[in-house]
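Quick look at my_file_3.pdb (PDB, C-alpha atoms):
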```pdb
MODEL        1
ATOM      1  CA  MET A   1      -5.493  36.437   5.415  1.00  0.00           C
ATOM      2  CA  GLY A   2      -2.058  35.107   6.416  1.00  0.00           C
ATOM      3  CA  ASP A   3      -0.647  31.699   5.707  1.00  0.00           C
ATOM      4  CA  ARG A   4      -3.136  29.102   6.893  1.00  0.00           C
ATOM      5  CA  GLY A   5      -1.432  26.202   5.181  1.00  0.00           C
ATOM      6  CA  MET A   6      -2.688  24.019   2.417  1.00  0.00           C
ATOM      7  CA  PRO A   7      -6.021  22.257   3.090  1.00  0.00           C
ATOM      8  CA  ILE A   8      -5.821  18.547   2.290  1.00  0.00           C
ATOM      9  CA  ILE A   9      -9.105  16.689   2.017  1.00  0.00           C
ATOM     10  CA  GLN A  10      -9.040  12.885   1.997  1.00  0.00           C
ATOM     11  CA  ILE A  11     -12.049  10.989   0.687  1.00  0.00           C
ATOM     12  CA  GLN A  12     -12.427   7.221   0.663  1.00  0.00           C
ATOM     13  CA  ILE A  13     -15.088   5.743  -1.589  1.00  0.00           C
ATOM     14  CA  MET A  14     -15.965   2.246  -2.675  1.00  0.00           C
ATOM     15  CA  GLU A  15     -14.680   1.402  -6.143  1.00  0.00           C
ATOM     16  CA  GLY A  16     -16.998   1.494  -9.122  1.00  0.00           C
ATOM     17  CA  ARG A  17     -17.678   5.137  -9.896  1.00  0.00           C
ATOM     18  CA  SER A  18     -16.829   6.558 -13.298  1.00  0.00           C
ATOM     19  CA  PRO A  19     -13.781   8.803 -13.749  1.00  0.00           C
ATOM     20  CA  GLU A  20     -16.204  11.611 -14.607  1.00  0.00           C
ATOM     21  CA  LYS A  21     -17.958  11.252 -11.225  1.00  0.00           C
ATOM     22  CA  VAL A  22     -14.646  11.310  -9.356  1.00  0.00           C
ATOM     23  CA  LYS A  23     -13.547  14.377 -11.336  1.00  0.00           C
ATOM     24  CA  SER A  24     -16.823  16.129 -10.492  1.00  0.00           C
ATOM     25  CA  LEU A  25     -16.425  15.207  -6.817  1.00  0.00           C
ATOM     26  CA  ILE A  26     -12.931  16.710  -6.747  1.00  0.00           C
ATOM     27  CA  GLN A  27     -14.134  19.907  -8.399  1.00  0.00           C
ATOM     28  CA  ARG A  28     -17.148  20.369  -6.132  1.00  0.00           C
ATOM     29  CA  VAL A  29     -15.283  19.576  -2.920  1.00  0.00           C
ATOM     30  CA  THR A  30     -12.569  22.037  -3.919  1.00  0.00           C
ATOM     31  CA  GLU A  31     -15.144  24.755  -4.582  1.00  0.00           C
ATOM     32  CA  THR A  32     -16.890  24.138  -1.250  1.00  0.00           C
ATOM     33  CA  VAL A  33     -13.684  24.119   0.785  1.00  0.00           C
ATOM     34  CA  ALA A  34     -12.430  27.257  -0.989  1.00  0.00           C
ATOM     35  CA  GLU A  35     -15.672  29.044  -0.132  1.00  0.00           C
ATOM     36  CA  GLU A  36     -15.957  27.829   3.470  1.00  0.00           C
ATOM     37  CA  LEU A  37     -12.305  28.348   4.410  1.00  0.00           C
ATOM     38  CA  ASP A  38     -11.727  31.426   2.262  1.00  0.00           C
ATOM     39  CA  SER A  39      -8.794  29.582   0.707  1.00  0.00           C
ATOM     40  CA  PRO A  40      -7.508  29.884  -2.866  1.00  0.00           C
ATOM     41  CA  LYS A  41      -8.437  26.830  -4.944  1.00  0.00           C
ATOM     42  CA  GLU A  42      -4.811  26.517  -6.027  1.00  0.00           C
ATOM     43  CA  ARG A  43      -3.813  25.657  -2.447  1.00  0.00           C
ATOM     44  CA  ILE A  44      -6.453  22.974  -1.915  1.00  0.00           C
ATOM     45  CA  ARG A  45      -5.620  19.305  -2.385  1.00  0.00           C
ATOM     46  CA  VAL A  46      -8.272  16.587  -2.672  1.00  0.00           C
ATOM     47  CA  LEU A  47      -7.170  12.964  -2.438  1.00  0.00           C
ATOM     48  CA  VAL A  48      -9.711  10.353  -3.517  1.00  0.00           C
ATOM     49  CA  THR A  49      -8.947   6.753  -2.630  1.00  0.00           C
ATOM     50  CA  GLU A  50     -11.073   4.045  -4.188  1.00  0.00           C
ATOM     51  CA  VAL A  51     -11.301   0.983  -1.978  1.00  0.00           C
ATOM     52  CA  PRO A  52     -11.984  -2.417  -3.574  1.00  0.00           C
ATOM     53  CA  LYS A  53     -15.316  -3.942  -2.559  1.00  0.00           C
ATOM     54  CA  THR A  54     -13.381  -6.920  -1.180  1.00  0.00           C
ATOM     55  CA  HIS A  55     -11.719  -4.532   1.290  1.00  0.00           C
ATOM     56  CA  TRP A  56     -14.853  -2.592   2.347  1.00  0.00           C
ATOM     57  CA  GLY A  57     -16.705  -4.261   5.210  1.00  0.00           C
ATOM     58  CA  ILE A  58     -20.337  -3.611   6.029  1.00  0.00           C
ATOM     59  CA  GLY A  59     -21.710  -5.317   9.124  1.00  0.00           C
ATOM     60  CA  GLY A  60     -18.791  -7.730   9.184  1.00  0.00           C
ATOM     61  CA  VAL A  61     -19.182  -8.778   5.546  1.00  0.00           C
ATOM     62  CA  PRO A  62     -17.126  -7.586   2.559  1.00  0.00           C
ATOM     63  CA  ALA A  63     -19.250  -5.457   0.230  1.00  0.00           C
ATOM     64  CA  SER A  64     -18.324  -7.830  -2.583  1.00  0.00           C
ATOM     65  CA  ASP A  65     -20.195 -10.656  -0.773  1.00  0.00           C
ATOM     66  CA  ARG A  66     -23.350  -8.720   0.112  1.00  0.00           C
ATOM     67  CA  GLN A  67     -26.548  -9.669  -1.670  1.00  0.00           C
ATOM     68  CA  ASP A  68     -28.522  -6.492  -0.894  1.00  0.00           C
ATOM     69  CA  ARG A  69     -26.517  -4.060  -3.008  1.00  0.00           C
TER      70      ARG A  69
ENDMDL
END
```
Can you give me the file's structure in the form of structure tokens?
Amino acid sequence: MGDRGMPIIQIQIMEGRSPEKVKSLIQRVTETVAEELDSPKERIRVLVTEVPKTHWGIGGVPASDRQDR
């Protein structure tokens, strides 16, 4: 297999999901990347960044100001 480095996956999501959902996301992404890249799970890093709704723009408007959510 050789040394192919350590896969680092960065995910940005809007704030508001439960810690359990984020934990599940990390686990499932790790499993998928391990399978697709034939990489040991121990070498995979998943970074989840939660962005405040005030800092997430949709159509020029912060998500915190949108009425259709």
Any idea what's packed within 12 Å of stretch 23-29 of chain A, counting only C-alpha atoms, ignoring anything in its chain fewer than 6 positions away? Could you give it as a PDB file with C-alpha atoms, in the coordinates of the input?
```pdb
ATOM      1  CA  PRO A   7      -6.021  22.257   3.090  1.00  0.00           C
ATOM      2  CA  ILE A   8      -5.821  18.547   2.290  1.00  0.00           C
ATOM      3  CA  ILE A   9      -9.105  16.689   2.017  1.00  0.00           C
ATOM      4  CA  GLN A  10      -9.040  12.885   1.997  1.00  0.00           C
ATOM      5  CA  ILE A  11     -12.049  10.989   0.687  1.00  0.00           C
ATOM      6  CA  GLN A  12     -12.427   7.221   0.663  1.00  0.00           C
ATOM      7  CA  ILE A  13     -15.088   5.743  -1.589  1.00  0.00           C
ATOM      8  CA  ARG A  17     -17.678   5.137  -9.896  1.00  0.00           C
ATOM      9  CA  GLU A  35     -15.672  29.044  -0.132  1.00  0.00           C
ATOM     10  CA  GLU A  36     -15.957  27.829   3.470  1.00  0.00           C
ATOM     11  CA  LEU A  37     -12.305  28.348   4.410  1.00  0.00           C
ATOM     12  CA  LYS A  41      -8.437  26.830  -4.944  1.00  0.00           C
ATOM     13  CA  GLU A  42      -4.811  26.517  -6.027  1.00  0.00           C
ATOM     14  CA  ILE A  44      -6.453  22.974  -1.915  1.00  0.00           C
ATOM     15  CA  ARG A  45      -5.620  19.305  -2.385  1.00  0.00           C
ATOM     16  CA  VAL A  46      -8.272  16.587  -2.672  1.00  0.00           C
ATOM     17  CA  LEU A  47      -7.170  12.964  -2.438  1.00  0.00           C
ATOM     18  CA  VAL A  48      -9.711  10.353  -3.517  1.00  0.00           C
ATOM     19  CA  THR A  49      -8.947   6.753  -2.630  1.00  0.00           C
TER      20      THR A  49
END
```
Centre and size of axis-aligned box enclosing stretch 57-65 of chain A plus 8 Å each side, as JSON:
```
{"center_x": -19.2, "center_y": -7.1, "center_z": 3.3, "size_x": 21.0, "size_y": 23.0, "size_z": 27.8}
```
- Task: Kindly indicate which residue among A:Asp38, A:Glu20, A:Asp68, A:Glu15 lies nearest to A:Pro52, using only C-alpha atoms for the distances.
- Result: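 Using only C-alpha atoms, A:Pro52 sits closest to A:Glu15.
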- Note on the structure: Separating atom CA of A:Arg43 from atom CA of A:Met6, to the nearest tenth of an Å, is a gap of 5.3 Å
- All residues 12 Å or closer to stretch 62-64 of chain A, all atoms listed in the file, same chain fewer than 2 positions away omitted, as a PyMOL selection string: chain A and resi 14-16+51-60+66-69
Export of prior selection with C-alpha atoms as a PDB file, keeping the file's coordinate frame:
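Output contents, as saved in selection36.pdb:
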```
ATOM      1  CA  MET A  14     -15.965   2.246  -2.675  1.00  0.00           C
ATOM      2  CA  GLU A  15     -14.680   1.402  -6.143  1.00  0.00           C
ATOM      3  CA  GLY A  16     -16.998   1.494  -9.122  1.00  0.00           C
ATOM      4  CA  VAL A  51     -11.301   0.983  -1.978  1.00  0.00           C
ATOM      5  CA  PRO A  52     -11.984  -2.417  -3.574  1.00  0.00           C
ATOM      6  CA  LYS A  53     -15.316  -3.942  -2.559  1.00  0.00           C
ATOM      7  CA  THR A  54     -13.381  -6.920  -1.180  1.00  0.00           C
ATOM      8  CA  HIS A  55     -11.719  -4.532   1.290  1.00  0.00           C
ATOM      9  CA  TRP A  56     -14.853  -2.592   2.347  1.00  0.00           C
ATOM     10  CA  GLY A  57     -16.705  -4.261   5.210  1.00  0.00           C
ATOM     11  CA  ILE A  58     -20.337  -3.611   6.029  1.00  0.00           C
ATOM     12  CA  GLY A  59     -21.710  -5.317   9.124  1.00  0.00           C
ATOM     13  CA  GLY A  60     -18.791  -7.730   9.184  1.00  0.00           C
ATOM     14  CA  ARG A  66     -23.350  -8.720   0.112  1.00  0.00           C
ATOM     15  CA  GLN A  67     -26.548  -9.669  -1.670  1.00  0.00           C
ATOM     16  CA  ASP A  68     -28.522  -6.492  -0.894  1.00  0.00           C
ATOM     17  CA  ARG A  69     -26.517  -4.060  -3.008  1.00  0.00           C
TER      18      ARG A  69
END
```
Residue rebuild result stretch 28-39 of chain A, all heavy atoms as a PDB file, keeping the file's coordinate frame:
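Final file, rebuild-v4.pdb:
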```pdb
ATOM      1  N   ARG A  28     -16.144  19.816  -7.041  1.00  0.00           N
ATOM      2  CA  ARG A  28     -17.148  20.369  -6.132  1.00  0.00           C
ATOM      3  C   ARG A  28     -16.642  20.485  -4.703  1.00  0.00           C
ATOM      4  O   ARG A  28     -16.952  21.455  -4.005  1.00  0.00           O
ATOM      5  CB  ARG A  28     -18.426  19.555  -6.216  1.00  0.00           C
ATOM      6  CG  ARG A  28     -19.046  19.680  -7.628  1.00  0.00           C
ATOM      7  CD  ARG A  28     -20.336  18.992  -7.759  1.00  0.00           C
ATOM      8  NE  ARG A  28     -21.338  19.736  -6.993  1.00  0.00           N
ATOM      9  CZ  ARG A  28     -22.585  19.335  -6.852  1.00  0.00           C
ATOM     10  NH1 ARG A  28     -22.981  18.206  -7.385  1.00  0.00           N
ATOM     11  NH2 ARG A  28     -23.436  20.048  -6.157  1.00  0.00           N
ATOM     12  N   VAL A  29     -15.866  19.496  -4.260  1.00  0.00           N
ATOM     13  CA  VAL A  29     -15.283  19.576  -2.920  1.00  0.00           C
ATOM     14  C   VAL A  29     -14.315  20.749  -2.850  1.00  0.00           C
ATOM     15  O   VAL A  29     -14.312  21.508  -1.877  1.00  0.00           O
ATOM     16  CB  VAL A  29     -14.596  18.245  -2.536  1.00  0.00           C
ATOM     17  CG1 VAL A  29     -13.727  18.403  -1.308  1.00  0.00           C
ATOM     18  CG2 VAL A  29     -15.641  17.160  -2.313  1.00  0.00           C
ATOM     19  N   THR A  30     -13.510  20.915  -3.874  1.00  0.00           N
ATOM     20  CA  THR A  30     -12.569  22.037  -3.919  1.00  0.00           C
ATOM     21  C   THR A  30     -13.304  23.366  -3.831  1.00  0.00           C
ATOM     22  O   THR A  30     -12.925  24.245  -3.051  1.00  0.00           O
ATOM     23  CB  THR A  30     -11.716  21.985  -5.206  1.00  0.00           C
ATOM     24  OG1 THR A  30     -10.964  20.765  -5.207  1.00  0.00           O
ATOM     25  CG2 THR A  30     -10.772  23.169  -5.288  1.00  0.00           C
ATOM     26  N   GLU A  31     -14.367  23.513  -4.605  1.00  0.00           N
ATOM     27  CA  GLU A  31     -15.144  24.755  -4.582  1.00  0.00           C
ATOM     28  C   GLU A  31     -15.730  25.021  -3.197  1.00  0.00           C
ATOM     29  O   GLU A  31     -15.686  26.147  -2.695  1.00  0.00           O
ATOM     30  CB  GLU A  31     -16.267  24.686  -5.620  1.00  0.00           C
ATOM     31  CG  GLU A  31     -15.758  24.728  -7.048  1.00  0.00           C
ATOM     32  CD  GLU A  31     -16.833  24.408  -8.070  1.00  0.00           C
ATOM     33  OE1 GLU A  31     -18.016  24.222  -7.701  1.00  0.00           O
ATOM     34  OE2 GLU A  31     -16.479  24.324  -9.260  1.00  0.00           O
ATOM     35  N   THR A  32     -16.272  23.983  -2.565  1.00  0.00           N
ATOM     36  CA  THR A  32     -16.890  24.138  -1.250  1.00  0.00           C
ATOM     37  C   THR A  32     -15.854  24.512  -0.190  1.00  0.00           C
ATOM     38  O   THR A  32     -16.078  25.426   0.616  1.00  0.00           O
ATOM     39  CB  THR A  32     -17.627  22.847  -0.845  1.00  0.00           C
ATOM     40  OG1 THR A  32     -18.643  22.580  -1.819  1.00  0.00           O
ATOM     41  CG2 THR A  32     -18.245  22.975   0.533  1.00  0.00           C
ATOM     42  N   VAL A  33     -14.729  23.831  -0.194  1.00  0.00           N
ATOM     43  CA  VAL A  33     -13.684  24.119   0.785  1.00  0.00           C
ATOM     44  C   VAL A  33     -13.131  25.525   0.564  1.00  0.00           C
ATOM     45  O   VAL A  33     -12.916  26.273   1.528  1.00  0.00           O
ATOM     46  CB  VAL A  33     -12.567  23.059   0.729  1.00  0.00           C
ATOM     47  CG1 VAL A  33     -11.375  23.472   1.569  1.00  0.00           C
ATOM     48  CG2 VAL A  33     -13.104  21.714   1.185  1.00  0.00           C
ATOM     49  N   ALA A  34     -12.928  25.913  -0.684  1.00  0.00           N
ATOM     50  CA  ALA A  34     -12.430  27.257  -0.989  1.00  0.00           C
ATOM     51  C   ALA A  34     -13.384  28.315  -0.429  1.00  0.00           C
ATOM     52  O   ALA A  34     -12.955  29.290   0.194  1.00  0.00           O
ATOM     53  CB  ALA A  34     -12.255  27.439  -2.497  1.00  0.00           C
ATOM     54  N   GLU A  35     -14.663  28.091  -0.610  1.00  0.00           N
ATOM     55  CA  GLU A  35     -15.672  29.044  -0.132  1.00  0.00           C
ATOM     56  C   GLU A  35     -15.741  29.066   1.394  1.00  0.00           C
ATOM     57  O   GLU A  35     -15.726  30.131   2.016  1.00  0.00           O
ATOM     58  CB  GLU A  35     -17.037  28.666  -0.701  1.00  0.00           C
ATOM     59  CG  GLU A  35     -18.136  29.620  -0.314  1.00  0.00           C
ATOM     60  CD  GLU A  35     -19.474  29.224  -0.928  1.00  0.00           C
ATOM     61  OE1 GLU A  35     -19.497  28.840  -2.109  1.00  0.00           O
ATOM     62  OE2 GLU A  35     -20.480  29.292  -0.208  1.00  0.00           O
ATOM     63  N   GLU A  36     -15.795  27.902   2.014  1.00  0.00           N
ATOM     64  CA  GLU A  36     -15.957  27.829   3.470  1.00  0.00           C
ATOM     65  C   GLU A  36     -14.724  28.283   4.232  1.00  0.00           C
ATOM     66  O   GLU A  36     -14.848  28.881   5.302  1.00  0.00           O
ATOM     67  CB  GLU A  36     -16.336  26.405   3.886  1.00  0.00           C
ATOM     68  CG  GLU A  36     -17.719  25.975   3.442  1.00  0.00           C
ATOM     69  CD  GLU A  36     -18.824  26.811   4.058  1.00  0.00           C
ATOM     70  OE1 GLU A  36     -18.711  27.198   5.239  1.00  0.00           O
ATOM     71  OE2 GLU A  36     -19.810  27.078   3.362  1.00  0.00           O
ATOM     72  N   LEU A  37     -13.540  28.002   3.706  1.00  0.00           N
ATOM     73  CA  LEU A  37     -12.305  28.348   4.410  1.00  0.00           C
ATOM     74  C   LEU A  37     -11.649  29.615   3.877  1.00  0.00           C
ATOM     75  O   LEU A  37     -10.593  30.000   4.343  1.00  0.00           O
ATOM     76  CB  LEU A  37     -11.298  27.189   4.324  1.00  0.00           C
ATOM     77  CG  LEU A  37     -11.718  25.875   4.970  1.00  0.00           C
ATOM     78  CD1 LEU A  37     -10.584  24.864   4.859  1.00  0.00           C
ATOM     79  CD2 LEU A  37     -12.129  26.068   6.416  1.00  0.00           C
ATOM     80  N   ASP A  38     -12.295  30.233   2.882  1.00  0.00           N
ATOM     81  CA  ASP A  38     -11.727  31.426   2.262  1.00  0.00           C
ATOM     82  C   ASP A  38     -10.279  31.155   1.830  1.00  0.00           C
ATOM     83  O   ASP A  38      -9.358  31.893   2.146  1.00  0.00           O
ATOM     84  CB  ASP A  38     -11.795  32.615   3.222  1.00  0.00           C
ATOM     85  CG  ASP A  38     -11.507  33.931   2.507  1.00  0.00           C
ATOM     86  OD1 ASP A  38     -11.784  34.028   1.298  1.00  0.00           O
ATOM     87  OD2 ASP A  38     -10.994  34.849   3.169  1.00  0.00           O
ATOM     88  N   SER A  39     -10.118  30.039   1.138  1.00  0.00           N
ATOM     89  CA  SER A  39      -8.794  29.582   0.707  1.00  0.00           C
ATOM     90  C   SER A  39      -8.740  29.558  -0.815  1.00  0.00           C
ATOM     91  O   SER A  39      -9.707  29.149  -1.467  1.00  0.00           O
ATOM     92  CB  SER A  39      -8.541  28.176   1.265  1.00  0.00           C
ATOM     93  OG  SER A  39      -7.284  27.703   0.871  1.00  0.00           O
TER      94      SER A  39
END
```
